[in-house]
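Asks: My file is upload_20.tsv. It has TSV, C-alpha atoms:
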```tsv
chain	number	residue	atom	x	y	z
A	1	MET	CA	-69.40	-23.75	15.90
A	2	ALA	CA	-67.73	-21.86	18.73
A	3	GLU	CA	-66.66	-18.32	17.95
A	4	LYS	CA	-62.92	-17.90	17.45
A	5	VAL	CA	-61.10	-16.52	20.46
A	6	ARG	CA	-59.54	-13.13	19.85
A	7	ALA	CA	-56.16	-12.48	21.41
A	8	GLY	CA	-55.03	-9.00	22.37
A	9	ILE	CA	-52.69	-7.11	24.64
A	10	LEU	CA	-54.19	-6.52	28.07
A	11	GLY	CA	-51.40	-4.50	29.67
A	12	VAL	CA	-47.92	-3.19	28.92
A	13	GLY	CA	-44.96	-2.25	31.10
A	14	SER	CA	-41.32	-1.26	30.66
A	15	ALA	CA	-38.16	-0.71	32.68
A	16	VAL	CA	-34.83	0.95	31.95
A	17	PRO	CA	-31.65	1.53	33.97
A	18	GLU	CA	-31.11	4.84	35.73
A	19	ARG	CA	-27.68	5.55	34.26
A	20	VAL	CA	-27.75	7.71	31.14
A	21	LEU	CA	-24.87	7.55	28.64
A	22	THR	CA	-24.99	10.63	26.42
A	23	ASN	CA	-23.27	11.37	23.15
A	24	PHE	CA	-21.06	13.82	25.03
A	25	ASP	CA	-19.99	11.00	27.35
A	26	LEU	CA	-19.05	8.93	24.30
A	27	GLU	CA	-16.97	11.80	22.94
A	28	LYS	CA	-14.65	11.20	25.89
A	29	MET	CA	-14.44	7.46	25.21
A	30	VAL	CA	-13.97	7.14	21.44
A	31	ASP	CA	-13.25	9.35	18.44
A	32	THR	CA	-16.79	10.55	17.77
A	33	SER	CA	-19.05	13.57	18.31
A	34	ASP	CA	-22.58	14.40	19.25
A	35	GLU	CA	-23.15	15.88	15.79
A	36	TRP	CA	-21.86	12.77	14.02
A	37	ILE	CA	-24.02	10.42	16.11
A	38	SER	CA	-27.14	12.59	16.01
A	39	THR	CA	-27.14	13.22	12.27
A	40	ARG	CA	-26.49	9.59	11.34
A	41	THR	CA	-28.62	7.79	13.91
A	42	GLY	CA	-30.92	10.23	15.70
A	43	ILE	CA	-29.62	8.94	19.03
A	44	LYS	CA	-28.80	11.44	21.80
A	45	GLU	CA	-28.53	9.13	24.80
A	46	ARG	CA	-29.02	5.55	25.94
A	47	ARG	CA	-29.52	3.75	29.30
A	48	ILE	CA	-26.79	1.52	30.73
A	49	ALA	CA	-27.26	-1.15	33.41
A	50	ALA	CA	-25.00	-1.41	36.44
A	51	PRO	CA	-22.24	-4.05	36.18
A	52	HIS	CA	-23.95	-6.42	38.62
A	53	GLU	CA	-27.37	-6.24	36.96
A	54	ARG	CA	-28.69	-8.83	34.52
A	55	THR	CA	-31.42	-8.99	31.91
A	56	SER	CA	-33.80	-10.71	34.34
A	57	HIS	CA	-33.74	-7.67	36.65
A	58	TYR	CA	-35.35	-5.43	34.05
A	59	ALA	CA	-37.49	-8.18	32.51
A	60	ALA	CA	-39.10	-8.82	35.90
A	61	LYS	CA	-39.65	-5.10	36.55
A	62	ALA	CA	-41.34	-4.62	33.18
A	63	ALA	CA	-43.37	-7.80	33.71
A	64	SER	CA	-44.69	-6.68	37.10
A	65	LYS	CA	-45.84	-3.36	35.64
A	66	ALA	CA	-47.56	-5.06	32.71
A	67	LEU	CA	-49.35	-7.51	35.01
A	68	GLU	CA	-50.55	-4.74	37.29
A	69	ARG	CA	-51.87	-2.68	34.39
A	70	ALA	CA	-53.59	-5.74	32.92
A	71	GLY	CA	-55.19	-6.59	36.25
A	72	VAL	CA	-53.67	-10.07	36.05
A	73	ASP	CA	-52.14	-11.85	39.03
A	74	PRO	CA	-48.88	-13.72	38.31
A	75	SER	CA	-50.53	-16.94	39.47
A	76	GLU	CA	-52.90	-16.66	36.49
A	77	LEU	CA	-50.12	-16.86	33.92
A	78	ASP	CA	-49.93	-19.99	31.76
A	79	LEU	CA	-46.75	-19.14	29.86
A	80	ILE	CA	-43.83	-16.72	30.03
A	81	ILE	CA	-41.69	-15.99	26.97
A	82	VAL	CA	-38.56	-13.86	27.23
A	83	ALA	CA	-37.16	-12.67	23.91
A	84	THR	CA	-33.50	-11.81	24.42
A	85	LEU	CA	-30.03	-12.14	22.96
A	86	THR	CA	-28.42	-11.36	26.33
A	87	PRO	CA	-29.75	-14.03	28.71
A	88	ASP	CA	-28.52	-14.07	32.29
A	89	MET	CA	-26.85	-17.37	31.42
A	90	PHE	CA	-27.35	-20.22	28.98
A	91	CYS	CA	-29.12	-22.31	31.62
A	92	PRO	CA	-31.52	-21.81	33.30
A	93	PRO	CA	-33.50	-19.76	30.79
A	94	THR	CA	-34.01	-16.14	31.77
A	95	ALA	CA	-37.77	-16.76	31.54
A	96	CYS	CA	-37.47	-19.28	34.38
A	97	ILE	CA	-35.58	-16.75	36.49
A	98	VAL	CA	-38.34	-14.21	35.82
A	99	GLN	CA	-41.02	-16.79	36.63
A	100	ASP	CA	-39.50	-17.29	40.07
A	101	ARG	CA	-38.90	-13.59	40.65
A	102	ILE	CA	-42.50	-12.55	39.93
A	103	ASN	CA	-43.94	-15.66	41.67
A	104	ALA	CA	-45.77	-17.25	38.76
A	105	PRO	CA	-45.45	-20.96	39.66
A	106	GLN	CA	-48.16	-22.18	37.28
A	107	ALA	CA	-46.49	-20.77	34.16
A	108	ALA	CA	-44.35	-22.65	31.69
A	109	ALA	CA	-41.33	-20.56	30.65
A	110	PHE	CA	-38.80	-20.39	27.86
A	111	ASP	CA	-36.47	-17.96	26.09
A	112	LEU	CA	-36.74	-17.02	22.43
A	113	SER	CA	-33.84	-15.77	20.32
A	114	ALA	CA	-34.63	-13.65	17.26
A	115	ALA	CA	-32.52	-10.59	18.14
A	116	CYS	CA	-34.34	-7.28	17.60
A	117	SER	CA	-37.35	-9.03	16.05
A	118	GLY	CA	-37.75	-11.16	19.17
A	119	PHE	CA	-40.67	-9.38	20.81
A	120	VAL	CA	-42.94	-9.68	17.77
A	121	TYR	CA	-41.83	-13.30	17.27
A	122	ALA	CA	-42.81	-14.00	20.88
A	123	LEU	CA	-46.07	-12.08	20.45
A	124	ASP	CA	-46.94	-14.34	17.52
A	125	VAL	CA	-46.39	-17.44	19.69
A	126	ALA	CA	-48.52	-15.96	22.46
A	127	VAL	CA	-51.37	-14.95	20.17
A	128	ARG	CA	-51.54	-18.36	18.52
A	129	GLY	CA	-51.51	-20.05	21.91
A	130	VAL	CA	-54.39	-17.95	23.21
A	131	GLU	CA	-56.42	-18.25	20.00
A	132	SER	CA	-56.03	-22.03	20.04
A	133	GLY	CA	-57.27	-22.23	23.62
A	134	ALA	CA	-54.01	-23.76	24.84
A	135	TYR	CA	-53.29	-20.72	27.04
A	136	ARG	CA	-55.38	-17.98	28.56
A	137	ARG	CA	-52.75	-15.59	29.89
A	138	VAL	CA	-49.29	-15.27	28.33
A	139	LEU	CA	-46.57	-12.88	29.43
A	140	VAL	CA	-44.36	-11.72	26.57
A	141	ILE	CA	-41.13	-9.89	27.43
A	142	GLY	CA	-38.49	-8.31	25.24
A	143	ALA	CA	-35.37	-7.55	27.28
A	144	ASP	CA	-31.72	-6.93	26.47
A	145	LEU	CA	-28.67	-5.46	28.13
A	146	LEU	CA	-26.65	-4.68	25.03
A	147	SER	CA	-24.02	-2.88	27.07
A	148	HIS	CA	-22.88	-6.42	27.98
A	149	VAL	CA	-21.99	-7.13	24.35
A	150	THR	CA	-20.87	-3.68	23.21
A	151	ASP	CA	-17.22	-2.93	22.53
A	152	TYR	CA	-16.75	0.63	23.76
A	153	THR	CA	-13.57	0.98	21.70
A	154	ASP	CA	-15.51	0.39	18.46
A	155	ARG	CA	-17.01	3.72	17.51
A	156	SER	CA	-19.09	2.22	14.70
A	157	THR	CA	-21.21	0.18	17.13
A	158	CYS	CA	-20.85	1.58	20.65
A	159	VAL	CA	-22.90	4.68	19.81
A	160	LEU	CA	-25.93	2.59	18.82
A	161	PHE	CA	-26.90	0.36	21.70
A	162	GLY	CA	-28.55	0.60	25.11
A	163	ASP	CA	-30.34	-1.45	27.75
A	164	GLY	CA	-33.98	-1.95	28.68
A	165	ALA	CA	-37.03	-4.20	28.84
A	166	GLY	CA	-40.66	-4.15	27.82
A	167	ALA	CA	-43.48	-6.59	28.55
A	168	ALA	CA	-47.03	-7.29	27.47
A	169	VAL	CA	-49.76	-9.53	28.86
A	170	VAL	CA	-51.65	-11.32	26.10
A	171	GLY	CA	-55.08	-12.82	26.61
A	172	PRO	CA	-58.62	-13.09	25.20
A	173	VAL	CA	-60.35	-9.83	24.27
A	174	GLU	CA	-63.94	-9.08	23.33
A	175	LYS	CA	-63.02	-6.59	20.62
A	176	GLY	CA	-59.96	-5.51	18.69
A	177	GLY	CA	-56.87	-7.59	19.33
A	178	VAL	CA	-54.04	-8.81	17.14
A	179	LEU	CA	-55.27	-9.07	13.55
A	180	SER	CA	-52.15	-10.51	11.94
A	181	THR	CA	-48.48	-11.28	12.32
A	182	TYR	CA	-45.81	-11.90	9.72
A	183	LEU	CA	-42.42	-13.41	10.52
A	184	GLY	CA	-39.44	-14.02	8.26
A	185	ALA	CA	-35.76	-14.80	8.19
A	186	ASP	CA	-32.80	-14.90	5.82
A	187	GLY	CA	-30.07	-17.01	7.36
A	188	SER	CA	-27.67	-16.22	4.52
A	189	GLY	CA	-27.42	-12.71	5.98
A	190	GLY	CA	-26.47	-13.96	9.43
A	191	PRO	CA	-22.79	-12.94	9.19
A	192	LYS	CA	-23.79	-9.30	8.71
A	193	LEU	CA	-24.75	-8.94	12.39
A	194	THR	CA	-23.21	-11.24	14.96
A	195	VAL	CA	-22.36	-11.76	18.62
A	196	PRO	CA	-19.99	-14.75	18.32
A	197	ALA	CA	-19.96	-15.48	22.05
A	198	TYR	CA	-21.74	-14.15	25.09
A	199	ARG	CA	-21.07	-13.79	28.77
A	200	ALA	CA	-23.28	-11.68	31.05
A	201	GLY	CA	-21.41	-8.56	32.06
A	202	SER	CA	-18.78	-9.07	29.37
A	203	ALA	CA	-18.26	-5.34	28.95
A	204	GLY	CA	-17.23	-5.01	32.61
A	205	PRO	CA	-13.69	-4.99	33.98
A	206	ASP	CA	-13.63	-8.79	34.27
A	207	GLY	CA	-15.22	-9.40	30.90
A	208	CYS	CA	-13.90	-10.18	27.44
A	209	ALA	CA	-11.18	-8.10	25.86
A	210	PRO	CA	-11.71	-6.72	22.32
A	211	GLY	CA	-11.06	-9.40	19.74
A	212	GLN	CA	-12.18	-12.30	21.93
A	213	GLY	CA	-15.53	-12.55	20.19
A	214	CYS	CA	-17.87	-11.38	22.95
A	215	TYR	CA	-19.09	-8.26	21.19
A	216	ILE	CA	-21.56	-7.15	18.56
A	217	ARG	CA	-19.98	-7.00	15.12
A	218	MET	CA	-22.00	-5.45	12.33
A	219	GLU	CA	-21.66	-4.63	8.66
A	220	GLY	CA	-23.46	-1.35	9.12
A	221	ASN	CA	-24.11	-0.43	5.49
A	222	GLU	CA	-25.41	-3.88	4.63
A	223	VAL	CA	-27.71	-4.01	7.65
A	224	PHE	CA	-28.97	-0.51	6.84
A	225	LYS	CA	-29.89	-1.51	3.28
A	226	PHE	CA	-31.58	-4.67	4.54
A	227	ALA	CA	-33.59	-2.77	7.14
A	228	VAL	CA	-34.76	-0.04	4.76
A	229	ARG	CA	-36.05	-2.72	2.40
A	230	VAL	CA	-37.50	-5.26	4.80
A	231	MET	CA	-39.28	-3.00	7.31
A	232	PRO	CA	-41.86	-1.64	4.84
A	233	GLU	CA	-42.15	-5.01	3.10
A	234	ALA	CA	-42.91	-6.76	6.38
A	235	ALA	CA	-45.37	-4.08	7.45
A	236	LEU	CA	-47.19	-4.23	4.12
A	237	GLU	CA	-47.47	-8.03	4.28
A	238	ALA	CA	-48.87	-7.89	7.82
A	239	LEU	CA	-51.34	-5.22	6.72
A	240	ARG	CA	-52.37	-7.35	3.73
A	241	ARG	CA	-52.99	-10.32	6.01
A	242	ALA	CA	-55.06	-8.13	8.31
A	243	GLY	CA	-57.04	-6.59	5.45
A	244	VAL	CA	-55.97	-3.09	6.49
A	245	ALA	CA	-54.74	-0.33	4.18
A	246	PRO	CA	-51.64	1.70	5.15
A	247	GLU	CA	-53.71	4.90	5.22
A	248	ASP	CA	-55.89	3.37	7.94
A	249	VAL	CA	-52.97	2.94	10.35
A	250	ASP	CA	-53.23	5.22	13.38
A	251	LEU	CA	-49.75	4.60	14.77
A	252	PHE	CA	-46.65	2.95	13.33
A	253	ILE	CA	-44.23	1.64	15.98
A	254	PRO	CA	-41.01	0.48	14.35
A	255	HIS	CA	-37.91	-1.03	15.89
A	256	GLN	CA	-35.89	1.90	17.22
A	257	ALA	CA	-32.49	1.34	15.63
A	258	ASN	CA	-31.79	4.41	13.52
A	259	ILE	CA	-33.90	7.44	12.66
A	260	ARG	CA	-32.88	7.26	9.00
A	261	ILE	CA	-34.19	3.68	8.77
A	262	ILE	CA	-37.44	4.70	10.49
A	263	ASP	CA	-37.93	7.70	8.19
A	264	ALA	CA	-37.17	5.68	5.05
A	265	ALA	CA	-39.59	2.92	6.05
A	266	ALA	CA	-42.38	5.39	6.83
A	267	LYS	CA	-41.82	7.15	3.51
A	268	ARG	CA	-42.06	3.89	1.55
A	269	LEU	CA	-45.28	3.06	3.40
A	270	GLY	CA	-46.69	6.52	2.78
A	271	ILE	CA	-47.24	7.07	6.52
A	272	SER	CA	-46.90	10.66	7.73
A	273	SER	CA	-44.40	11.48	10.47
A	274	ASP	CA	-47.16	12.35	12.95
A	275	LYS	CA	-48.26	8.70	12.84
A	276	VAL	CA	-44.78	7.31	13.56
A	277	PHE	CA	-43.66	6.80	17.14
A	278	VAL	CA	-40.00	7.55	17.82
A	279	ASN	CA	-37.99	7.31	21.02
A	280	VAL	CA	-34.64	6.20	19.56
A	281	HIS	CA	-33.14	9.52	20.69
A	282	LYS	CA	-33.67	8.52	24.35
A	283	TYR	CA	-32.68	4.86	24.39
A	284	GLY	CA	-30.82	3.94	21.22
A	285	ASN	CA	-31.22	0.38	19.99
A	286	THR	CA	-32.37	-1.88	22.84
A	287	SER	CA	-32.89	-4.94	20.60
A	288	ALA	CA	-35.88	-7.07	21.71
A	289	ALA	CA	-36.89	-4.38	24.24
A	290	SER	CA	-37.21	-1.71	21.58
A	291	ILE	CA	-40.77	-2.27	20.35
A	292	PRO	CA	-42.48	-2.98	23.70
A	293	LEU	CA	-40.63	-0.05	25.29
A	294	ALA	CA	-41.91	2.20	22.50
A	295	LEU	CA	-45.42	0.76	22.81
A	296	ASP	CA	-45.47	1.49	26.54
A	297	GLU	CA	-44.30	5.08	26.01
A	298	ALA	CA	-46.86	5.60	23.24
A	299	LEU	CA	-49.60	4.56	25.66
A	300	GLU	CA	-48.11	6.75	28.38
A	301	GLN	CA	-48.21	9.75	26.04
A	302	GLY	CA	-51.79	9.11	24.95
A	303	ARG	CA	-50.79	8.30	21.39
A	304	ILE	CA	-53.02	5.20	21.31
A	305	SER	CA	-56.75	5.15	21.97
A	306	GLU	CA	-59.39	2.42	21.97
A	307	GLY	CA	-60.05	1.24	18.43
A	308	ASP	CA	-56.77	2.54	17.00
A	309	THR	CA	-54.94	0.41	14.47
A	310	VAL	CA	-51.28	-0.03	15.42
A	311	VAL	CA	-48.47	-1.61	13.40
A	312	LEU	CA	-45.41	-3.09	15.13
A	313	VAL	CA	-42.46	-3.93	12.89
A	314	GLY	CA	-38.85	-4.87	13.50
A	315	PHE	CA	-35.74	-6.37	11.98
A	316	GLY	CA	-32.67	-7.90	13.54
A	317	GLY	CA	-29.82	-10.35	13.51
A	318	GLY	CA	-30.42	-13.66	11.86
A	319	LEU	CA	-31.28	-11.86	9.71
A	320	THR	CA	-34.89	-11.72	10.88
A	321	TRP	CA	-37.94	-9.53	10.47
A	322	ALA	CA	-41.39	-9.43	12.05
A	323	ALA	CA	-44.53	-7.31	11.88
A	324	SER	CA	-47.90	-7.32	13.60
A	325	VAL	CA	-51.13	-5.40	13.13
A	326	LEU	CA	-53.42	-4.91	16.09
A	327	VAL	CA	-56.49	-2.93	17.01
A	328	TRP	CA	-56.18	-1.54	20.52
A	329	SER	CA	-58.96	-3.05	22.60
A	330	GLY	CA	-58.99	-0.47	25.37
A	331	GLU	CA	-58.92	-3.26	27.93
A	332	ARG	CA	-55.70	-2.02	29.50
A	333	VAL	CA	-56.21	-0.98	33.13
A	334	PRO	CA	-55.75	2.83	33.22
A	335	ARG	CA	-52.70	4.20	34.98
A	336	GLY	CA	-53.50	5.71	38.31
```
If you took the structure in this file and wrote it as structure tokens, what would it be?
Replies:
Amino acid sequence: MAEKVRAGILGVGSAVPERVLTNFDLEKMVDTSDEWISTRTGIKERRIAAPHERTSHYAAKAASKALERAGVDPSELDLIIVATLTPDMFCPPTACIVQDRINAPQAAAFDLSAACSGFVYALDVAVRGVESGAYRRVLVIGADLLSHVTDYTDRSTCVLFGDGAGAAVVGPVEKGGVLSTYLGADGSGGPKLTVPAYRAGSAGPDGCAPGQGCYIRMEGNEVFKFAVRVMPEAALEALRRAGVAPEDVDLFIPHQANIRIIDAAAKRLGISSDKVFVNVHKYGNTSAASIPLALDEALEQGRISEGDTVVLVGFGGGLTWAASVLVWSGERVPRG
């Protein structure tokens, strides 16, 4: 019997806009303060795309970096998955736009919608495809421009969100790899976090006015309670499926939505703060981009070494949740 193919991450890349929107900038826009935002969310600043830019711009940038670091040519890709809730348009899929932009003509391409859980959902699809032998190289991208769906007159939401993209190349590995994934959803909670309609660039001068349904609406307290419960539950289930104990985790990379949610989840898991990666203060909540952006920065900072056990876990609109346990294979091409 042939040995089972192991699937792992070969390379990671990310991209964020240049413009920085600080808490002090927001003080001039809505009735809020740096102290209020910082103490309740841990966010100090977030990145905002230019009005003419679209999700595909940053998805393609992150993808090109991931491919380079993985040592994979775009022509070798079999599949491209873009997890996003802010596609360039409803048709064609943003993944097809990215496919053309990075010149990957052999790759199938589709978008996946699972809000902030989207990257791990897409990673699960990629891993299963590689393990089955259906695909050899899969590009997984989490990308969102949440400034396009943020109402900057709503102080309860506008302080939370930012823009960015992260990408990973998934393929066969000789050692390590993704040990488990766990996905879940509770559609009855869907009304707690919604974007009733979407138009790229809707927050711009020609976009939707408040009340027209183009913006994120969230029952903050309910989503907070859901997240604090489901993040550790999802992580524990993924760890159980992988046969790994929480104390054996080297780095915990949660969805970067709120520092209080991250701290509460880590506490319930019994994971010390030095094993939790946090960059929410720099980017805010970037939805599907959050986890791959954090993964890329963790690698950049030397927080992950060959053989380390890493847990990725997120939650999002739907309501959805997703977690994955992987052992870093060390097959990523070093940065030069």
Asks: For each of A:Leu160, A:Val230, A:Ala60, A:Ala294, take the minimum atom-to-atom distance to A:Gly184, counting only C-alpha atoms, then give the residue where this is smallest.
Replies: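 Selected residue with least distance to A:Gly184: A:Val230.
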Asks: Which is closest to A:His52 among A:Ala264, A:Leu269, A:Cys96, A:Leu145, if we use all atoms listed in the file?
Replies: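 Nearest to A:His52: A:Leu145.
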Asks: Excluding A:Val127 and residues on its chain fewer than 5 positions from it, collect all residues at most 12 Å away from it, counting all atoms listed in the file, and give them as a count of residues only.
Replies: 34
Asks: Could you give me, as CSV, every stretch 112-191 of chain A residue with an atom at most 7 Å from stretch 304-315 of chain A, plus its closest atom pair and distance in Å to one decimal, counting all atoms listed in the file, rows ordered by chain then number?
Replies:
```
residue,atom,partner,partner_atom,distance
A:Cys116,CA,A:Phe315,CA,5.9
A:Ser117,CA,A:Gly314,CA,5.1
A:Gly176,CA,A:Gly307,CA,6.8
```
Asks: Around all of stretch 292-298 of chain A's listed atoms, make the axis-aligned box with 6 Å on each side and tell me centre and edge lengths in Å to one decimal, as AutoDock Vina command-line options.
Replies:
```
--center_x -43.7 --center_y 1.3 --center_z 24.5 --size_x 18.2 --size_y 20.6 --size_z 16.0
```
Asks: Mind checking which residues fall within 6 Å of A:Asn23, counting all atoms listed in the file, ignoring those fewer than 3 positions away in the same chain, and posting them as a tab-separated table (two decimals) with C-alpha atoms, in the coordinates of the input?
Replies:
```tsv
chain	number	residue	atom	x	y	z
A	26	LEU	CA	-19.05	8.93	24.30
A	34	ASP	CA	-22.58	14.40	19.25
A	44	LYS	CA	-28.80	11.44	21.80
A	45	GLU	CA	-28.53	9.13	24.80
```
